[in-house]
Amino acid sequence: MQKTFQVGAKTFVLDQAKAEAAFAAKKVINGRATMTFNLLPLKYQWAYDLYRKMKANHWEPEDIPMGKDIEQWRDEKVVSDVERWIIRMGIGYFSAAEGIVGDNIQHVVRELVTAPELKLVLGRHAHEENIHADSLLYMISSLQINPHECEAMFEDIPTIVRKNEFVTKTSHALRRDLDLTLPENKKLLAKNIFVFGQCMEGTQFYGLFGMVLSLYRQNKFPGIGQMFRYTLRDESNHIEVFRNLFMDLVDENREIWTTEFKEELRSLMREAVDLEKEFINDCLPVNSIGLAAEEFVTYIDYIADRRLESCGLAPLAAGVKNPLPWLAEMMDIKKEQNFFEGRVTEYQKASSLNVAHDDEL
Ligand code: FE
Ligand code: MN
């Protein structure tokens with residue numbers, strides 16, 4: 001079917017069939033290669049919806065006051081050495097981790113997927129990792145922590161080194177020009193998306209989220225806690241982006257979804273859980289008020305199983321109960337009224353564009 005536009009002396013003919021063929025060629029991988037970023041018509045509606053949700057949650061670190069945190073950091077009577085160590089580990093680990101996630105999106109996943117709306121949401125995802133990295137820089141400079149300390153933490157703390165190696169080993173082999181028509185390579189990409197979304201952002205981030213937000217609940221480090229809350233809210237969207245990407249990739253490439261492959265993914269999660277438990281014991285070598293290492297360890301078993309199940313995989317520690325039910329509430333920032341929420345609401349109003357595509361060419 002063709003549609004003709006007569007404008008003055010000129011005639012333009014648009015070909016619906018050609019456009020439909022281009023749409024049909026939209027795929028997670030091995031789709032139509034184009035530089036025109038043809039978002040419409042959307043095939044992966046979830047990607048556009050998540051892009052808008054993420055945009056509406058936009059935040060900037062320097063909008064969050066750090067005065068109280070600075071005061072508490074210096075006061076021996078208010079915070080203990082263990083509590084200060086948790087903050088140091090939080091800043092040290094995430095400074096490396098946010099960068100690794102952003103790098104993997106930009107150089108691996110966004111390069112290899114072909115549908116433009118997937119690239120759109122991945123671009124936003126990578127930008128949010130920049131915001132998170134910047135928020136850590138802001139915390140470090142506010143508390144006047146020696147910036148070399150931060151680099152030293154991910155070189156010298158073995159449990160951080162091991163967590164970082166665990167994820168980067170699924171990333172290095174995948175850069176550019178990978179032949180994704182081969183099932184082995186499809187599996188490598190699926191593994192990368194699973195490890196980054198479900199094992200790292202979905203599970204290994206939660207030990208420290210739990211600990212820092214436990215302190216926040218005790219009114220310790222309110223600025224850092226607030227930034228971690230915004231980060232946790234962002235991460236929940238990142239986990240969803242990577243979960244949807246993983247499910248659609250598997251759906252479009254059923255040949256990789258074998259029993260062996262499912263077991264391989266489960267054992268990667270097992271490895272991630274073990275590394276995280278060791279790491280928690282380094283963050284919290286002695287229990288502190290309201291902070292018991294055992295609870296965070298159990299939480300990791302709990303959250304890892306939720307991630308596995310969300311990807312259609314069998315749990316590892318089935319039946320574990322959530323020992324930190326308050327953690328989910330920490331993401332629910334919308335209910336609060338504070339100076340900052342005014343801005344978040346404004347962003348949400350600004351993005352009320354509605355894309356419908358019932359109009360034929
Ligand atoms: Fe992040
Ligand atoms: Mn993230």
# chains A, B, ... in the order shown; residues from 1 in each chain; ligands from 1
>>> select_by_dssp(residues="stretch 58-278 of chain A", states="helix (DSSP H, G or I)", output="VMD selection string")
chain A and resid 61 to 63 67 to 74 81 to 112 116 to 143 147 to 156 158 to 168 172 to 174 183 to 204 206 to 217 222 to 252 254 to 256 259 to 278
>>> residues_around(residues="A:Glu83", least_positions_apart="5", cutoff="12 Å", atoms="only C-alpha atoms", output="MDAnalysis selection string")
chainID A and resid 72:73 75:78 88:90 208 211:216 218 220:221 283:291
>>> write_last_selection(atoms="N, CA and C atoms", output="PDB file, in the first residue's frame")
ATOM      1  N   GLN A  72      28.000  14.551  61.544  1.00  0.00           N
ATOM      2  CA  GLN A  72      28.006  13.217  62.166  1.00  0.00           C
ATOM      3  C   GLN A  72      29.312  12.481  61.895  1.00  0.00           C
ATOM      4  N   TRP A  73      29.840  12.626  60.680  1.00  0.00           N
ATOM      5  CA  TRP A  73      31.083  11.940  60.295  1.00  0.00           C
ATOM      6  C   TRP A  73      32.225  12.305  61.232  1.00  0.00           C
ATOM      7  N   ASP A  75      31.886  13.380  64.383  1.00  0.00           N
ATOM      8  CA  ASP A  75      31.548  13.269  65.801  1.00  0.00           C
ATOM      9  C   ASP A  75      31.657  11.822  66.291  1.00  0.00           C
ATOM     10  N   GLU A  76      32.689  11.546  67.069  1.00  0.00           N
ATOM     11  CA  GLU A  76      32.942  10.192  67.579  1.00  0.00           C
ATOM     12  C   GLU A  76      31.779   9.660  68.419  1.00  0.00           C
ATOM     13  N   LYS A  77      31.042  10.585  69.031  1.00  0.00           N
ATOM     14  CA  LYS A  77      29.969  10.154  69.937  1.00  0.00           C
ATOM     15  C   LYS A  77      28.715   9.720  69.168  1.00  0.00           C
ATOM     16  N   VAL A  78      28.549  10.226  67.976  1.00  0.00           N
ATOM     17  CA  VAL A  78      27.313   9.949  67.222  1.00  0.00           C
ATOM     18  C   VAL A  78      27.415   8.685  66.371  1.00  0.00           C
ATOM     19  N   ARG A  88      32.425   3.851  54.251  1.00  0.00           N
ATOM     20  CA  ARG A  88      33.645   3.740  53.417  1.00  0.00           C
ATOM     21  C   ARG A  88      33.522   2.603  52.401  1.00  0.00           C
ATOM     22  N   MET A  89      33.031   1.451  52.845  1.00  0.00           N
ATOM     23  CA  MET A  89      32.861   0.308  51.937  1.00  0.00           C
ATOM     24  C   MET A  89      31.811   0.643  50.869  1.00  0.00           C
ATOM     25  N   GLY A  90      30.765   1.324  51.285  1.00  0.00           N
ATOM     26  CA  GLY A  90      29.709   1.714  50.333  1.00  0.00           C
ATOM     27  C   GLY A  90      30.265   2.604  49.247  1.00  0.00           C
ATOM     28  N   LEU A 208      24.956  -3.744  50.663  1.00  0.00           N
ATOM     29  CA  LEU A 208      25.241  -2.376  51.100  1.00  0.00           C
ATOM     30  C   LEU A 208      24.002  -1.487  51.127  1.00  0.00           C
ATOM     31  N   MET A 211      22.580  -2.123  54.441  1.00  0.00           N
ATOM     32  CA  MET A 211      23.347  -1.579  55.575  1.00  0.00           C
ATOM     33  C   MET A 211      23.276  -0.060  55.642  1.00  0.00           C
ATOM     34  N   VAL A 212      23.479   0.602  54.518  1.00  0.00           N
ATOM     35  CA  VAL A 212      23.450   2.077  54.527  1.00  0.00           C
ATOM     36  C   VAL A 212      22.046   2.572  54.886  1.00  0.00           C
ATOM     37  N   LEU A 213      21.031   1.888  54.380  1.00  0.00           N
ATOM     38  CA  LEU A 213      19.663   2.333  54.676  1.00  0.00           C
ATOM     39  C   LEU A 213      19.231   1.967  56.092  1.00  0.00           C
ATOM     40  N   SER A 214      19.884   0.970  56.696  1.00  0.00           N
ATOM     41  CA  SER A 214      19.674   0.699  58.128  1.00  0.00           C
ATOM     42  C   SER A 214      20.162   1.882  58.958  1.00  0.00           C
ATOM     43  N   LEU A 215      21.302   2.414  58.563  1.00  0.00           N
ATOM     44  CA  LEU A 215      21.842   3.587  59.270  1.00  0.00           C
ATOM     45  C   LEU A 215      20.898   4.779  59.086  1.00  0.00           C
ATOM     46  N   TYR A 216      20.413   4.935  57.869  1.00  0.00           N
ATOM     47  CA  TYR A 216      19.495   6.035  57.555  1.00  0.00           C
ATOM     48  C   TYR A 216      18.229   5.954  58.416  1.00  0.00           C
ATOM     49  N   GLN A 218      18.110   4.929  61.335  1.00  0.00           N
ATOM     50  CA  GLN A 218      18.494   5.389  62.681  1.00  0.00           C
ATOM     51  C   GLN A 218      18.917   6.851  62.667  1.00  0.00           C
ATOM     52  N   LYS A 220      21.074   8.261  60.811  1.00  0.00           N
ATOM     53  CA  LYS A 220      22.498   8.469  60.612  1.00  0.00           C
ATOM     54  C   LYS A 220      22.783   8.663  59.119  1.00  0.00           C
ATOM     55  N   PHE A 221      23.551   9.663  58.809  1.00  0.00           N
ATOM     56  CA  PHE A 221      23.904  10.011  57.432  1.00  0.00           C
ATOM     57  C   PHE A 221      22.669  10.200  56.536  1.00  0.00           C
ATOM     58  N   CYS A 283      32.132  -5.920  55.328  1.00  0.00           N
ATOM     59  CA  CYS A 283      31.497  -4.620  55.607  1.00  0.00           C
ATOM     60  C   CYS A 283      31.125  -4.523  57.077  1.00  0.00           C
ATOM     61  N   LEU A 284      30.751  -5.663  57.630  1.00  0.00           N
ATOM     62  CA  LEU A 284      30.231  -5.691  58.994  1.00  0.00           C
ATOM     63  C   LEU A 284      30.955  -6.778  59.790  1.00  0.00           C
ATOM     64  N   PRO A 285      32.248  -6.561  60.074  1.00  0.00           N
ATOM     65  CA  PRO A 285      33.028  -7.602  60.769  1.00  0.00           C
ATOM     66  C   PRO A 285      32.539  -7.847  62.199  1.00  0.00           C
ATOM     67  N   VAL A 286      31.940  -6.820  62.806  1.00  0.00           N
ATOM     68  CA  VAL A 286      31.291  -7.003  64.111  1.00  0.00           C
ATOM     69  C   VAL A 286      29.896  -6.405  64.010  1.00  0.00           C
ATOM     70  N   ASN A 287      28.937  -7.006  64.671  1.00  0.00           N
ATOM     71  CA  ASN A 287      27.585  -6.469  64.630  1.00  0.00           C
ATOM     72  C   ASN A 287      27.529  -5.116  65.347  1.00  0.00           C
ATOM     73  N   SER A 288      26.593  -4.307  64.897  1.00  0.00           N
ATOM     74  CA  SER A 288      26.445  -2.978  65.478  1.00  0.00           C
ATOM     75  C   SER A 288      24.961  -2.797  65.795  1.00  0.00           C
ATOM     76  N   ILE A 289      24.590  -1.701  66.472  1.00  0.00           N
ATOM     77  CA  ILE A 289      23.182  -1.491  66.831  1.00  0.00           C
ATOM     78  C   ILE A 289      22.299  -1.530  65.583  1.00  0.00           C
ATOM     79  N   GLY A 290      21.333  -2.430  65.587  1.00  0.00           N
ATOM     80  CA  GLY A 290      20.414  -2.536  64.454  1.00  0.00           C
ATOM     81  C   GLY A 290      21.025  -3.140  63.205  1.00  0.00           C
ATOM     82  N   LEU A 291      22.248  -3.606  63.298  1.00  0.00           N
ATOM     83  CA  LEU A 291      22.925  -4.153  62.121  1.00  0.00           C
ATOM     84  C   LEU A 291      23.520  -5.521  62.436  1.00  0.00           C
TER      85      LEU A 291
END
>>> closest_residue(among="A:Gln6, A:Thr114, A:Ser135, A:Asn192", to="ligand 1", atoms="only C-alpha atoms and all ligand atoms")
A:Ser135
>>> residues_near_ligand(ligand="ligand 1", cutoff="6 Å", atoms="only C-alpha atoms and all ligand atoms", output="tab-separated table (two decimals) with all heavy atoms, in the first residue's frame")
chain	number	residue	atom	x	y	z
A	98	GLU	N	29.50	1.22	39.79
A	98	GLU	CA	28.69	2.05	38.91
A	98	GLU	C	29.38	2.24	37.56
A	98	GLU	O	28.76	2.20	36.50
A	98	GLU	CB	28.41	3.43	39.52
A	98	GLU	CG	27.80	3.43	40.91
A	98	GLU	CD	26.35	2.99	40.96
A	98	GLU	OE1	25.80	2.57	39.93
A	98	GLU	OE2	25.77	3.05	42.06
A	129	GLU	N	23.93	5.66	35.61
A	129	GLU	CA	25.16	5.17	36.27
A	129	GLU	C	26.14	6.33	36.45
A	129	GLU	O	26.88	6.38	37.44
A	129	GLU	CB	25.80	4.02	35.49
A	129	GLU	CG	24.91	2.80	35.29
A	129	GLU	CD	24.27	2.26	36.57
A	129	GLU	OE1	24.71	2.61	37.68
A	129	GLU	OE2	23.31	1.47	36.45
A	132	HIS	N	25.01	8.17	39.47
A	132	HIS	CA	25.38	7.45	40.69
A	132	HIS	C	26.87	7.62	40.99
A	132	HIS	O	27.26	7.85	42.13
A	132	HIS	CB	25.04	5.95	40.55
A	132	HIS	CG	23.58	5.70	40.34
A	132	HIS	ND1	23.08	4.48	39.96
A	132	HIS	CD2	22.51	6.52	40.46
A	132	HIS	CE1	21.76	4.56	39.86
A	132	HIS	NE2	21.39	5.80	40.15
A	235	GLU	N	17.98	1.61	40.54
A	235	GLU	CA	18.43	0.24	40.29
A	235	GLU	C	17.25	-0.69	40.04
A	235	GLU	O	17.34	-1.62	39.24
A	235	GLU	CB	19.28	-0.30	41.46
A	235	GLU	CG	20.59	0.43	41.72
A	235	GLU	CD	21.51	0.58	40.53
A	235	GLU	OE1	21.34	-0.13	39.52
A	235	GLU	OE2	22.41	1.44	40.60
>>> residues_around(residues="A:Leu313", least_positions_apart="6", cutoff="9 Å", atoms="only C-alpha atoms", output="count of residues only")
6
>>> closest_atom_pairs(of="chain A", to="ligand 2", cutoff="8 Å", atoms="only C-alpha atoms and all ligand atoms", output="JSON lines")
{"residue": "A:Glu98", "atom": "CA", "partner": "ligand 2", "partner_atom_place_in_ligand_line": "1 (Mn)", "distance": 6.6}
{"residue": "A:Val101", "atom": "CA", "partner": "ligand 2", "partner_atom_place_in_ligand_line": "1 (Mn)", "distance": 6.5}
{"residue": "A:Gly102", "atom": "CA", "partner": "ligand 2", "partner_atom_place_in_ligand_line": "1 (Mn)", "distance": 7.7}
{"residue": "A:His125", "atom": "CA", "partner": "ligand 2", "partner_atom_place_in_ligand_line": "1 (Mn)", "distance": 6.8}
{"residue": "A:Ala126", "atom": "CA", "partner": "ligand 2", "partner_atom_place_in_ligand_line": "1 (Mn)", "distance": 7.8}
{"residue": "A:Glu128", "atom": "CA", "partner": "ligand 2", "partner_atom_place_in_ligand_line": "1 (Mn)", "distance": 7.0}
{"residue": "A:Glu129", "atom": "CA", "partner": "ligand 2", "partner_atom_place_in_ligand_line": "1 (Mn)", "distance": 5.7}
{"residue": "A:Glu201", "atom": "CA", "partner": "ligand 2", "partner_atom_place_in_ligand_line": "1 (Mn)", "distance": 5.9}
{"residue": "A:Thr231", "atom": "CA", "partner": "ligand 2", "partner_atom_place_in_ligand_line": "1 (Mn)", "distance": 7.8}
{"residue": "A:Asp234", "atom": "CA", "partner": "ligand 2", "partner_atom_place_in_ligand_line": "1 (Mn)", "distance": 6.6}
{"residue": "A:Glu235", "atom": "CA", "partner": "ligand 2", "partner_atom_place_in_ligand_line": "1 (Mn)", "distance": 4.6}
{"residue": "A:His238", "atom": "CA", "partner": "ligand 2", "partner_atom_place_in_ligand_line": "1 (Mn)", "distance": 5.3}
{"residue": "A:Ile239", "atom": "CA", "partner": "ligand 2", "partner_atom_place_in_ligand_line": "1 (Mn)", "distance": 7.5}
>>> closest_residue(among="A:Phe37, A:Tyr302, A:Phe194, A:Trp326", to="A:Glu264", atoms="only C-alpha atoms")
A:Phe194
>>> residues_around(residues="A:Gly223", least_positions_apart="4", cutoff="10 Å", atoms="only C-alpha atoms", output="list in words")
Pro61, Asp63, Ile64, Pro65, Met66, Gly67, Lys68, Asp69, Ile70, Met139, Tyr216, Asn219, Met227, Phe228 and Arg229 of chain A
>>> closest_atom_pairs(of="stretch 77-129 of chain A", to="stretch 153-160 of chain A", cutoff="10 Å", atoms="only C-alpha atoms", output="Markdown table")
| residue | atom | partner | partner_atom | distance |
| --- | --- | --- | --- | --- |
| A:Arg88 | CA | A:Met153 | CA | 8.8 |
| A:Met89 | CA | A:Met153 | CA | 7.7 |
| A:Ile91 | CA | A:Met153 | CA | 9.2 |
| A:Gly92 | CA | A:Met153 | CA | 5.5 |
| A:Tyr93 | CA | A:Ile160 | CA | 6.4 |
| A:Phe94 | CA | A:Phe154 | CA | 9.5 |
| A:Ser95 | CA | A:Phe154 | CA | 8.6 |
| A:Ala96 | CA | A:Phe154 | CA | 6.8 |
| A:Ala97 | CA | A:Ile160 | CA | 9.3 |
>>> closest_residue(among="A:Met1, A:Leu232, A:Leu118, A:Ile29", to="A:Glu329", atoms="only C-alpha atoms")
A:Leu232
>>> atom_distance(atom1="atom CA of A:Pro325", atom2="atom CA of A:Ala56")
25.7 Å
>>> closest_residue(among="A:Met35, A:Ala318, A:Val273, A:Met330", to="A:Gly225", atoms="only C-alpha atoms")
A:Met330
>>> atom_distance(atom1="atom CA of A:Glu151", atom2="atom CA of A:Glu165")
15.4 Å
>>> closest_residue(among="A:Glu117, A:Asp103, A:Asp15, A:Glu60", to="A:Leu245", atoms="only C-alpha atoms")
A:Glu117
>>> residues_around(residues="A:Thr170", least_positions_apart="6", cutoff="8 Å", atoms="only C-alpha atoms", output="list in words")
Leu188, Lys191, Asn192 and Val195 of chain A
>>> closest_residue(among="A:Arg233, A:His107, A:Lys187, A:Lys27", to="A:Glu252", atoms="only C-alpha atoms")
A:Lys27
>>> select_by_dssp(residues="stretch 12-145 of chain A", states="strand (DSSP E or B)", output="MDAnalysis selection string")
chainID A and resid 12:15
>>> residues_around(residues="A:Pro323", least_positions_apart="6", cutoff="9 Å", atoms="only C-alpha atoms", output="PDB file with C-alpha atoms, in the first residue's frame")
ATOM      1  CA  GLU A 295      20.168 -10.616  58.467  1.00  0.00           C
ATOM      2  CA  PHE A 296      21.886  -9.145  55.435  1.00  0.00           C
ATOM      3  CA  THR A 298      19.742 -14.035  54.648  1.00  0.00           C
ATOM      4  CA  TYR A 299      18.406 -11.119  52.646  1.00  0.00           C
ATOM      5  CA  TYR A 302      15.949 -14.091  49.613  1.00  0.00           C
TER       6      TYR A 302
END
